[in-house]
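Pasted below: final_11.txt, compact mmCIF, N, CA and C atoms.
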# COMPACT_ATOMS: atom_id res chain seq x y z
N MET A 1 -0.62 1.37 -24.64
CA MET A 1 -0.29 2.05 -23.40
C MET A 1 -0.19 3.55 -23.67
N VAL A 2 -0.76 4.35 -22.80
CA VAL A 2 -0.72 5.79 -22.93
C VAL A 2 0.64 6.30 -22.47
N ARG A 3 1.27 7.12 -23.30
CA ARG A 3 2.55 7.71 -22.91
C ARG A 3 2.32 8.85 -21.93
N ARG A 4 3.16 8.89 -20.93
CA ARG A 4 3.06 9.92 -19.91
C ARG A 4 3.64 11.23 -20.44
N THR A 5 2.94 12.32 -20.21
CA THR A 5 3.45 13.63 -20.57
C THR A 5 4.57 14.01 -19.62
N ARG A 6 5.68 14.45 -20.16
CA ARG A 6 6.83 14.84 -19.34
C ARG A 6 6.85 16.36 -19.20
N PHE A 7 7.26 16.82 -18.02
CA PHE A 7 7.36 18.25 -17.76
C PHE A 7 8.76 18.65 -17.33
N ASN A 8 9.75 17.79 -17.56
CA ASN A 8 11.10 18.04 -17.06
C ASN A 8 11.76 19.24 -17.74
N ASP A 9 11.21 19.75 -18.83
CA ASP A 9 11.78 20.94 -19.46
C ASP A 9 10.85 22.15 -19.36
N SER A 10 9.82 22.04 -18.54
CA SER A 10 8.88 23.14 -18.35
C SER A 10 9.54 24.30 -17.62
N ASP A 11 9.06 25.51 -17.87
CA ASP A 11 9.59 26.66 -17.13
C ASP A 11 8.86 26.87 -15.80
N CYS A 12 7.95 25.95 -15.45
CA CYS A 12 7.19 26.03 -14.20
C CYS A 12 7.77 25.07 -13.15
N PRO A 13 8.23 25.59 -12.00
CA PRO A 13 8.76 24.71 -10.95
C PRO A 13 7.77 23.68 -10.43
N VAL A 14 6.48 24.01 -10.42
CA VAL A 14 5.47 23.05 -9.96
C VAL A 14 5.41 21.88 -10.94
N ALA A 15 5.39 22.17 -12.23
CA ALA A 15 5.33 21.11 -13.24
C ALA A 15 6.56 20.21 -13.17
N ARG A 16 7.74 20.80 -13.03
CA ARG A 16 8.96 19.99 -12.93
C ARG A 16 8.96 19.15 -11.66
N SER A 17 8.44 19.70 -10.58
CA SER A 17 8.38 18.95 -9.32
C SER A 17 7.44 17.77 -9.44
N VAL A 18 6.27 17.99 -10.03
CA VAL A 18 5.32 16.90 -10.23
C VAL A 18 5.93 15.84 -11.15
N ASP A 19 6.67 16.27 -12.15
CA ASP A 19 7.33 15.33 -13.05
C ASP A 19 8.33 14.47 -12.28
N ALA A 20 9.06 15.07 -11.34
CA ALA A 20 10.06 14.33 -10.57
C ALA A 20 9.41 13.33 -9.62
N ILE A 21 8.30 13.71 -9.01
CA ILE A 21 7.62 12.84 -8.06
C ILE A 21 6.87 11.74 -8.80
N GLY A 22 6.17 12.08 -9.86
CA GLY A 22 5.54 11.08 -10.69
C GLY A 22 4.07 10.86 -10.41
N ASP A 23 3.71 10.40 -9.24
CA ASP A 23 2.32 10.06 -8.97
C ASP A 23 2.09 9.93 -7.47
N TRP A 24 0.86 9.55 -7.11
CA TRP A 24 0.52 9.47 -5.68
C TRP A 24 1.30 8.39 -4.96
N TRP A 25 1.61 7.27 -5.65
CA TRP A 25 2.38 6.22 -4.97
C TRP A 25 3.73 6.76 -4.53
N SER A 26 4.35 7.55 -5.38
CA SER A 26 5.67 8.08 -5.05
C SER A 26 5.62 9.01 -3.84
N LEU A 27 4.61 9.86 -3.77
CA LEU A 27 4.47 10.73 -2.60
C LEU A 27 4.23 9.92 -1.34
N LEU A 28 3.45 8.86 -1.45
CA LEU A 28 3.19 8.02 -0.28
C LEU A 28 4.45 7.25 0.13
N ILE A 29 5.28 6.87 -0.82
CA ILE A 29 6.56 6.24 -0.49
C ILE A 29 7.44 7.24 0.26
N VAL A 30 7.49 8.48 -0.22
CA VAL A 30 8.28 9.51 0.46
C VAL A 30 7.72 9.75 1.87
N ARG A 31 6.40 9.80 1.99
CA ARG A 31 5.78 9.95 3.32
C ARG A 31 6.23 8.84 4.25
N ASP A 32 6.17 7.59 3.76
CA ASP A 32 6.57 6.46 4.58
C ASP A 32 8.05 6.50 4.92
N ALA A 33 8.88 7.00 4.00
CA ALA A 33 10.31 7.14 4.29
C ALA A 33 10.51 8.14 5.44
N PHE A 34 9.76 9.22 5.44
CA PHE A 34 9.84 10.16 6.57
C PHE A 34 9.35 9.51 7.86
N ASP A 35 8.41 8.59 7.74
CA ASP A 35 7.88 7.90 8.93
C ASP A 35 8.74 6.73 9.37
N GLY A 36 9.86 6.49 8.68
CA GLY A 36 10.81 5.49 9.13
C GLY A 36 10.91 4.22 8.31
N SER A 37 10.07 4.06 7.29
CA SER A 37 10.19 2.88 6.43
C SER A 37 11.50 2.96 5.65
N ARG A 38 12.17 1.81 5.53
CA ARG A 38 13.45 1.77 4.82
C ARG A 38 13.55 0.59 3.86
N ARG A 39 12.85 -0.46 4.13
CA ARG A 39 12.97 -1.67 3.30
C ARG A 39 11.76 -1.84 2.40
N PHE A 40 12.00 -2.53 1.30
CA PHE A 40 10.95 -2.79 0.32
C PHE A 40 9.70 -3.36 1.00
N GLY A 41 9.89 -4.37 1.84
CA GLY A 41 8.76 -5.01 2.50
C GLY A 41 7.99 -4.07 3.41
N GLU A 42 8.68 -3.13 4.04
CA GLU A 42 8.00 -2.16 4.90
C GLU A 42 7.11 -1.25 4.06
N PHE A 43 7.65 -0.77 2.93
CA PHE A 43 6.83 0.06 2.04
C PHE A 43 5.64 -0.73 1.50
N GLN A 44 5.89 -1.96 1.11
CA GLN A 44 4.84 -2.78 0.52
C GLN A 44 3.72 -3.06 1.52
N ARG A 45 4.08 -3.39 2.75
CA ARG A 45 3.07 -3.65 3.79
C ARG A 45 2.28 -2.39 4.12
N SER A 46 2.96 -1.27 4.24
CA SER A 46 2.29 -0.03 4.60
C SER A 46 1.33 0.44 3.52
N LEU A 47 1.76 0.33 2.27
CA LEU A 47 0.98 0.88 1.17
C LEU A 47 0.01 -0.11 0.54
N GLY A 48 0.30 -1.41 0.64
CA GLY A 48 -0.52 -2.40 -0.01
C GLY A 48 -0.45 -2.32 -1.53
N VAL A 49 0.61 -1.77 -2.04
CA VAL A 49 0.80 -1.60 -3.48
C VAL A 49 1.40 -2.87 -4.07
N ALA A 50 1.07 -3.16 -5.32
CA ALA A 50 1.64 -4.33 -5.99
C ALA A 50 3.17 -4.18 -6.07
N LYS A 51 3.85 -5.29 -5.96
CA LYS A 51 5.31 -5.28 -5.93
C LYS A 51 5.92 -4.68 -7.20
N ASN A 52 5.33 -4.95 -8.35
CA ASN A 52 5.88 -4.39 -9.58
C ASN A 52 5.75 -2.87 -9.63
N ILE A 53 4.64 -2.35 -9.12
CA ILE A 53 4.45 -0.90 -9.08
C ILE A 53 5.44 -0.28 -8.09
N LEU A 54 5.57 -0.89 -6.92
CA LEU A 54 6.51 -0.38 -5.92
C LEU A 54 7.94 -0.40 -6.46
N THR A 55 8.31 -1.48 -7.11
CA THR A 55 9.66 -1.58 -7.69
C THR A 55 9.92 -0.44 -8.67
N THR A 56 8.95 -0.18 -9.53
CA THR A 56 9.10 0.89 -10.52
C THR A 56 9.20 2.25 -9.84
N ARG A 57 8.34 2.51 -8.87
CA ARG A 57 8.35 3.81 -8.20
C ARG A 57 9.64 4.03 -7.41
N LEU A 58 10.10 2.99 -6.72
CA LEU A 58 11.37 3.12 -6.00
C LEU A 58 12.52 3.40 -6.96
N ARG A 59 12.53 2.71 -8.08
CA ARG A 59 13.57 2.91 -9.09
C ARG A 59 13.57 4.36 -9.59
N VAL A 60 12.39 4.91 -9.85
CA VAL A 60 12.27 6.29 -10.33
C VAL A 60 12.73 7.27 -9.25
N LEU A 61 12.35 7.02 -8.00
CA LEU A 61 12.76 7.92 -6.92
C LEU A 61 14.27 7.87 -6.70
N VAL A 62 14.88 6.72 -6.86
CA VAL A 62 16.34 6.60 -6.76
C VAL A 62 16.99 7.32 -7.93
N ALA A 63 16.51 7.08 -9.14
CA ALA A 63 17.08 7.72 -10.34
C ALA A 63 16.95 9.24 -10.27
N GLY A 64 15.88 9.71 -9.64
CA GLY A 64 15.65 11.14 -9.51
C GLY A 64 16.39 11.79 -8.36
N GLY A 65 17.14 11.00 -7.59
CA GLY A 65 17.92 11.56 -6.49
C GLY A 65 17.10 11.86 -5.25
N ILE A 66 15.91 11.30 -5.14
CA ILE A 66 15.06 11.55 -3.97
C ILE A 66 15.32 10.50 -2.89
N LEU A 67 15.56 9.27 -3.31
CA LEU A 67 15.95 8.18 -2.41
C LEU A 67 17.32 7.66 -2.83
N ASP A 68 18.01 7.10 -1.89
CA ASP A 68 19.29 6.44 -2.13
C ASP A 68 19.17 5.00 -1.66
N VAL A 69 19.89 4.10 -2.28
CA VAL A 69 19.94 2.70 -1.86
C VAL A 69 21.23 2.52 -1.07
N VAL A 70 21.10 1.99 0.16
CA VAL A 70 22.26 1.79 1.03
C VAL A 70 22.22 0.36 1.58
N PRO A 71 23.37 -0.15 2.03
CA PRO A 71 23.36 -1.47 2.68
C PRO A 71 22.45 -1.45 3.90
N ALA A 72 21.86 -2.59 4.21
CA ALA A 72 20.96 -2.68 5.37
C ALA A 72 21.69 -2.30 6.64
N SER A 73 21.01 -1.55 7.48
CA SER A 73 21.60 -1.07 8.73
C SER A 73 21.90 -2.20 9.71
N ASP A 74 21.26 -3.37 9.52
CA ASP A 74 21.51 -4.49 10.44
C ASP A 74 22.63 -5.42 9.95
N GLY A 75 23.28 -5.04 8.85
CA GLY A 75 24.39 -5.84 8.34
C GLY A 75 23.97 -7.02 7.49
N SER A 76 22.66 -7.20 7.29
CA SER A 76 22.19 -8.32 6.47
C SER A 76 22.49 -8.03 4.99
N SER A 77 22.15 -8.98 4.15
CA SER A 77 22.43 -8.82 2.72
C SER A 77 21.38 -7.96 2.01
N TYR A 78 20.38 -7.52 2.71
CA TYR A 78 19.35 -6.66 2.13
C TYR A 78 19.89 -5.26 1.92
N HIS A 79 19.10 -4.45 1.21
CA HIS A 79 19.44 -3.04 1.12
C HIS A 79 18.23 -2.22 1.59
N GLU A 80 18.49 -0.96 1.83
CA GLU A 80 17.44 -0.08 2.34
C GLU A 80 17.39 1.19 1.49
N TYR A 81 16.26 1.85 1.56
CA TYR A 81 16.04 3.11 0.86
C TYR A 81 16.02 4.23 1.89
N VAL A 82 16.83 5.24 1.67
CA VAL A 82 16.88 6.39 2.57
C VAL A 82 16.70 7.67 1.77
N LEU A 83 16.12 8.64 2.41
CA LEU A 83 15.94 9.94 1.77
C LEU A 83 17.29 10.62 1.58
N THR A 84 17.48 11.20 0.42
CA THR A 84 18.66 12.01 0.15
C THR A 84 18.36 13.43 0.65
N PRO A 85 19.33 14.32 0.63
CA PRO A 85 19.01 15.72 0.96
C PRO A 85 17.88 16.29 0.09
N LYS A 86 17.89 15.94 -1.20
CA LYS A 86 16.82 16.37 -2.10
C LYS A 86 15.48 15.80 -1.64
N GLY A 87 15.47 14.55 -1.22
CA GLY A 87 14.26 13.92 -0.71
C GLY A 87 13.79 14.56 0.59
N LYS A 88 14.74 14.85 1.48
CA LYS A 88 14.38 15.49 2.75
C LYS A 88 13.79 16.88 2.54
N ASP A 89 14.17 17.52 1.43
CA ASP A 89 13.60 18.84 1.12
C ASP A 89 12.11 18.76 0.78
N LEU A 90 11.58 17.55 0.60
CA LEU A 90 10.14 17.38 0.38
C LEU A 90 9.34 17.42 1.68
N PHE A 91 10.01 17.52 2.81
CA PHE A 91 9.31 17.52 4.10
C PHE A 91 8.20 18.58 4.18
N PRO A 92 8.47 19.84 3.80
CA PRO A 92 7.37 20.82 3.87
C PRO A 92 6.20 20.46 2.95
N VAL A 93 6.48 19.80 1.84
CA VAL A 93 5.41 19.39 0.93
C VAL A 93 4.53 18.34 1.61
N ILE A 94 5.16 17.36 2.23
CA ILE A 94 4.41 16.31 2.93
C ILE A 94 3.60 16.90 4.08
N VAL A 95 4.21 17.81 4.85
CA VAL A 95 3.49 18.45 5.96
C VAL A 95 2.31 19.26 5.42
N ALA A 96 2.53 20.00 4.33
CA ALA A 96 1.45 20.80 3.76
C ALA A 96 0.30 19.91 3.29
N LEU A 97 0.60 18.81 2.61
CA LEU A 97 -0.45 17.89 2.17
C LEU A 97 -1.19 17.28 3.35
N ARG A 98 -0.44 16.92 4.37
CA ARG A 98 -1.04 16.34 5.58
C ARG A 98 -1.99 17.35 6.23
N GLN A 99 -1.54 18.58 6.40
CA GLN A 99 -2.37 19.59 7.05
C GLN A 99 -3.58 19.94 6.19
N TRP A 100 -3.39 20.00 4.89
CA TRP A 100 -4.51 20.27 3.99
C TRP A 100 -5.53 19.13 4.08
N GLY A 101 -5.05 17.89 4.08
CA GLY A 101 -5.92 16.73 4.20
C GLY A 101 -6.67 16.70 5.52
N GLU A 102 -5.97 17.02 6.62
CA GLU A 102 -6.62 17.05 7.93
C GLU A 102 -7.75 18.08 7.93
N GLY A 103 -7.53 19.21 7.28
CA GLY A 103 -8.51 20.28 7.28
C GLY A 103 -9.70 20.07 6.36
N HIS A 104 -9.54 19.22 5.34
CA HIS A 104 -10.58 19.12 4.32
C HIS A 104 -11.20 17.73 4.14
N PHE A 105 -10.61 16.70 4.72
CA PHE A 105 -11.10 15.35 4.42
C PHE A 105 -11.47 14.53 5.65
N PHE A 106 -11.52 15.17 6.80
CA PHE A 106 -11.91 14.47 8.03
C PHE A 106 -12.97 15.28 8.74
N GLU A 107 -13.93 14.58 9.30
CA GLU A 107 -14.92 15.23 10.15
C GLU A 107 -14.21 15.65 11.44
N PRO A 108 -14.73 16.66 12.14
CA PRO A 108 -14.05 17.13 13.35
C PRO A 108 -13.77 16.04 14.39
N ASP A 109 -14.66 15.06 14.53
CA ASP A 109 -14.46 14.01 15.54
C ASP A 109 -13.92 12.71 14.95
N GLU A 110 -13.57 12.73 13.67
CA GLU A 110 -13.08 11.52 13.01
C GLU A 110 -11.60 11.27 13.36
N PRO A 111 -11.27 10.07 13.80
CA PRO A 111 -9.88 9.78 14.14
C PRO A 111 -8.99 9.79 12.89
N HIS A 112 -7.78 10.27 13.06
CA HIS A 112 -6.78 10.27 11.99
C HIS A 112 -5.39 10.42 12.61
N SER A 113 -4.39 10.16 11.80
CA SER A 113 -3.02 10.31 12.30
C SER A 113 -2.70 11.80 12.41
N GLU A 114 -1.70 12.10 13.21
CA GLU A 114 -1.34 13.49 13.47
C GLU A 114 0.18 13.58 13.60
N MET A 115 0.77 14.55 12.95
CA MET A 115 2.20 14.76 13.06
C MET A 115 2.48 15.63 14.28
N ILE A 116 3.44 15.18 15.09
CA ILE A 116 3.76 15.92 16.31
C ILE A 116 5.25 16.23 16.37
N ASP A 117 5.58 17.19 17.17
CA ASP A 117 6.96 17.54 17.50
C ASP A 117 7.45 16.48 18.49
N ARG A 118 8.48 15.72 18.11
CA ARG A 118 8.96 14.64 19.00
C ARG A 118 9.39 15.16 20.37
N ARG A 119 10.04 16.30 20.41
CA ARG A 119 10.55 16.82 21.67
C ARG A 119 9.44 17.25 22.61
N ARG A 120 8.44 17.94 22.08
CA ARG A 120 7.37 18.49 22.93
C ARG A 120 6.11 17.62 22.95
N GLY A 121 5.96 16.72 21.98
CA GLY A 121 4.76 15.90 21.93
C GLY A 121 3.52 16.66 21.51
N GLN A 122 3.71 17.82 20.93
CA GLN A 122 2.59 18.68 20.53
C GLN A 122 2.42 18.66 19.01
N PRO A 123 1.17 18.85 18.54
CA PRO A 123 0.95 18.95 17.09
C PRO A 123 1.72 20.13 16.51
N LEU A 124 2.05 20.02 15.24
CA LEU A 124 2.75 21.12 14.56
C LEU A 124 1.81 22.29 14.31
N ARG A 125 2.38 23.49 14.27
CA ARG A 125 1.60 24.66 13.86
C ARG A 125 1.30 24.54 12.38
N MET A 126 0.25 25.17 11.94
CA MET A 126 -0.06 25.20 10.51
C MET A 126 1.07 25.92 9.77
N LEU A 127 1.42 25.39 8.60
CA LEU A 127 2.42 26.05 7.77
C LEU A 127 1.88 27.41 7.35
N GLU A 128 2.77 28.37 7.26
CA GLU A 128 2.39 29.71 6.84
C GLU A 128 3.34 30.16 5.74
N ILE A 129 2.81 30.91 4.79
CA ILE A 129 3.63 31.48 3.73
C ILE A 129 3.85 32.95 4.09
N ARG A 130 5.11 33.32 4.17
CA ARG A 130 5.45 34.68 4.59
C ARG A 130 6.33 35.37 3.55
N SER A 131 6.21 36.66 3.49
CA SER A 131 7.05 37.46 2.59
C SER A 131 8.46 37.55 3.17
N ALA A 132 9.35 38.10 2.39
CA ALA A 132 10.73 38.28 2.85
C ALA A 132 10.79 39.16 4.10
N ASP A 133 9.83 40.07 4.26
CA ASP A 133 9.82 40.93 5.45
C ASP A 133 8.95 40.38 6.58
N GLY A 134 8.44 39.14 6.42
CA GLY A 134 7.72 38.48 7.51
C GLY A 134 6.21 38.59 7.48
N ARG A 135 5.65 39.32 6.50
CA ARG A 135 4.18 39.43 6.42
C ARG A 135 3.57 38.09 6.01
N LEU A 136 2.43 37.75 6.62
CA LEU A 136 1.68 36.56 6.24
C LEU A 136 1.03 36.82 4.88
N LEU A 137 1.19 35.88 3.95
CA LEU A 137 0.67 36.06 2.59
C LEU A 137 -0.42 35.05 2.29
N ASP A 138 -1.38 35.47 1.44
CA ASP A 138 -2.35 34.54 0.88
C ASP A 138 -2.22 34.61 -0.63
N PRO A 139 -2.95 33.78 -1.38
CA PRO A 139 -2.76 33.75 -2.84
C PRO A 139 -2.91 35.11 -3.52
N ASP A 140 -3.80 35.96 -3.03
CA ASP A 140 -3.99 37.27 -3.66
C ASP A 140 -2.78 38.19 -3.47
N ASP A 141 -1.90 37.86 -2.55
CA ASP A 141 -0.73 38.69 -2.29
C ASP A 141 0.50 38.26 -3.12
N THR A 142 0.33 37.25 -3.96
CA THR A 142 1.48 36.74 -4.71
C THR A 142 1.23 36.78 -6.21
N ALA A 143 2.31 36.74 -6.97
CA ALA A 143 2.26 36.65 -8.42
C ALA A 143 3.45 35.80 -8.86
N VAL A 144 3.38 35.28 -10.05
CA VAL A 144 4.48 34.49 -10.60
C VAL A 144 5.17 35.31 -11.67
N ASN A 145 6.46 35.48 -11.53
CA ASN A 145 7.27 36.19 -12.51
C ASN A 145 8.22 35.22 -13.17
N LYS A 146 8.49 35.41 -14.43
CA LYS A 146 9.47 34.61 -15.14
C LYS A 146 10.86 35.12 -14.78
N VAL A 147 11.72 34.19 -14.36
CA VAL A 147 13.09 34.54 -13.98
C VAL A 147 14.00 34.20 -15.15
N THR A 148 14.79 35.16 -15.55
CA THR A 148 15.78 34.92 -16.59
C THR A 148 17.15 35.12 -16.00
N ARG A 149 18.03 34.21 -16.29
CA ARG A 149 19.38 34.30 -15.74
C ARG A 149 20.39 34.30 -16.85
Mind converting the file's structure to structure tokens?
Amino acid sequence: MVRRTRFNDSDCPVARSVDAIGDWWSLLIVRDAFDGSRRFGEFQRSLGVAKNILTTRLRVLVAGGILDVVPASDGSSYHEYVLTPKGKDLFPVIVALRQWGEGHFFEPDEPHSEMIDRRRGQPLRMLEIRSADGRLLDPDDTAVNKVTR
């Protein structure tokens, strides 16, 4: 078995974030949690992932503080998975991936899911990266600096 490279001690926030999420299954689990999935069977049906893989990914997401295990909301003996505040902070990441995917992997007339504002029923605006003073930024306007504390 190939050992997974760990980035939990990297000085790069992107590397540490990818290390915490793990893989595509984990991001799709988080996506489904935002879409309302809470139980193992709901995740399994939505994703079609093998139960052993799902079990491992859920365990990692719980251990990483992204999901929490709580008693079932219906009072049954089951338990449910809910996003923690740390998990909810992944919302912009999920929206960015969704918008990037919509823009690059679908033909203009090809049907696909769409995230909408529940209150207005309208699609979300494209995410924008802005400077502290409000200017719209693109990659050429940014640099990465090492922060020492």
Students should find that CA of Ile66 (chain A) and atom C of Cys12 (chain A) are spaced 17.9 Å
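Backbone DSSP over chain A gives strand (DSSP E or B) for A:Leu67, A:Asp68, A:Val69, A:Val70, A:Pro71, A:His79, A:Glu80, A:Tyr81, A:Val82, A:Leu83, A:Ile116, A:Pro123, A:Arg130, A:Leu136.
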One-decimal distance in Å that lies between atom C of Val62 (chain A) and CA of Arg118 (chain A): 29.0 Å
Report the distance between CA of Lys86 (chain A) and CA of Gly65 (chain A) in Å, rounded to one decimal place. 6.6 Å
Polymer residues at most 9 Å from His79 (chain A), only C-alpha atoms, same-chain spacing of 5 or more positions, as a PDB file with N, CA and C atoms, in the frame of the given file:
ATOM      1  N   ARG A  38      12.170   1.810   5.530  1.00  0.00           N
ATOM      2  CA  ARG A  38      13.450   1.770   4.820  1.00  0.00           C
ATOM      3  C   ARG A  38      13.550   0.590   3.860  1.00  0.00           C
ATOM      4  N   ARG A  39      12.850  -0.460   4.130  1.00  0.00           N
ATOM      5  CA  ARG A  39      12.970  -1.670   3.300  1.00  0.00           C
ATOM      6  C   ARG A  39      11.760  -1.840   2.400  1.00  0.00           C
ATOM      7  N   PHE A  40      12.000  -2.530   1.300  1.00  0.00           N
ATOM      8  CA  PHE A  40      10.950  -2.790   0.320  1.00  0.00           C
ATOM      9  C   PHE A  40       9.700  -3.360   1.000  1.00  0.00           C
ATOM     10  N   VAL A  69      19.890   4.100  -2.280  1.00  0.00           N
ATOM     11  CA  VAL A  69      19.940   2.700  -1.860  1.00  0.00           C
ATOM     12  C   VAL A  69      21.230   2.520  -1.070  1.00  0.00           C
ATOM     13  N   VAL A  70      21.100   1.990   0.160  1.00  0.00           N
ATOM     14  CA  VAL A  70      22.260   1.790   1.030  1.00  0.00           C
ATOM     15  C   VAL A  70      22.220   0.360   1.580  1.00  0.00           C
ATOM     16  N   PRO A  71      23.370  -0.150   2.030  1.00  0.00           N
ATOM     17  CA  PRO A  71      23.360  -1.470   2.680  1.00  0.00           C
ATOM     18  C   PRO A  71      22.450  -1.450   3.900  1.00  0.00           C
ATOM     19  N   ALA A  72      21.860  -2.590   4.210  1.00  0.00           N
ATOM     20  CA  ALA A  72      20.960  -2.680   5.370  1.00  0.00           C
ATOM     21  C   ALA A  72      21.690  -2.300   6.640  1.00  0.00           C
ATOM     22  N   SER A  73      21.010  -1.550   7.480  1.00  0.00           N
ATOM     23  CA  SER A  73      21.600  -1.070   8.730  1.00  0.00           C
ATOM     24  C   SER A  73      21.900  -2.200   9.710  1.00  0.00           C
TER      25      SER A  73
END
Let me have the centre and edge lengths of the axis-aligned box enclosing all listed atoms of region 112-128 of chain A with 4 Å padding on every side, in Å to one decimal, as JSON.
{"center_x": 1.4, "center_y": 20.2, "center_z": 14.3, "size_x": 26.3, "size_y": 28.0, "size_z": 25.2}
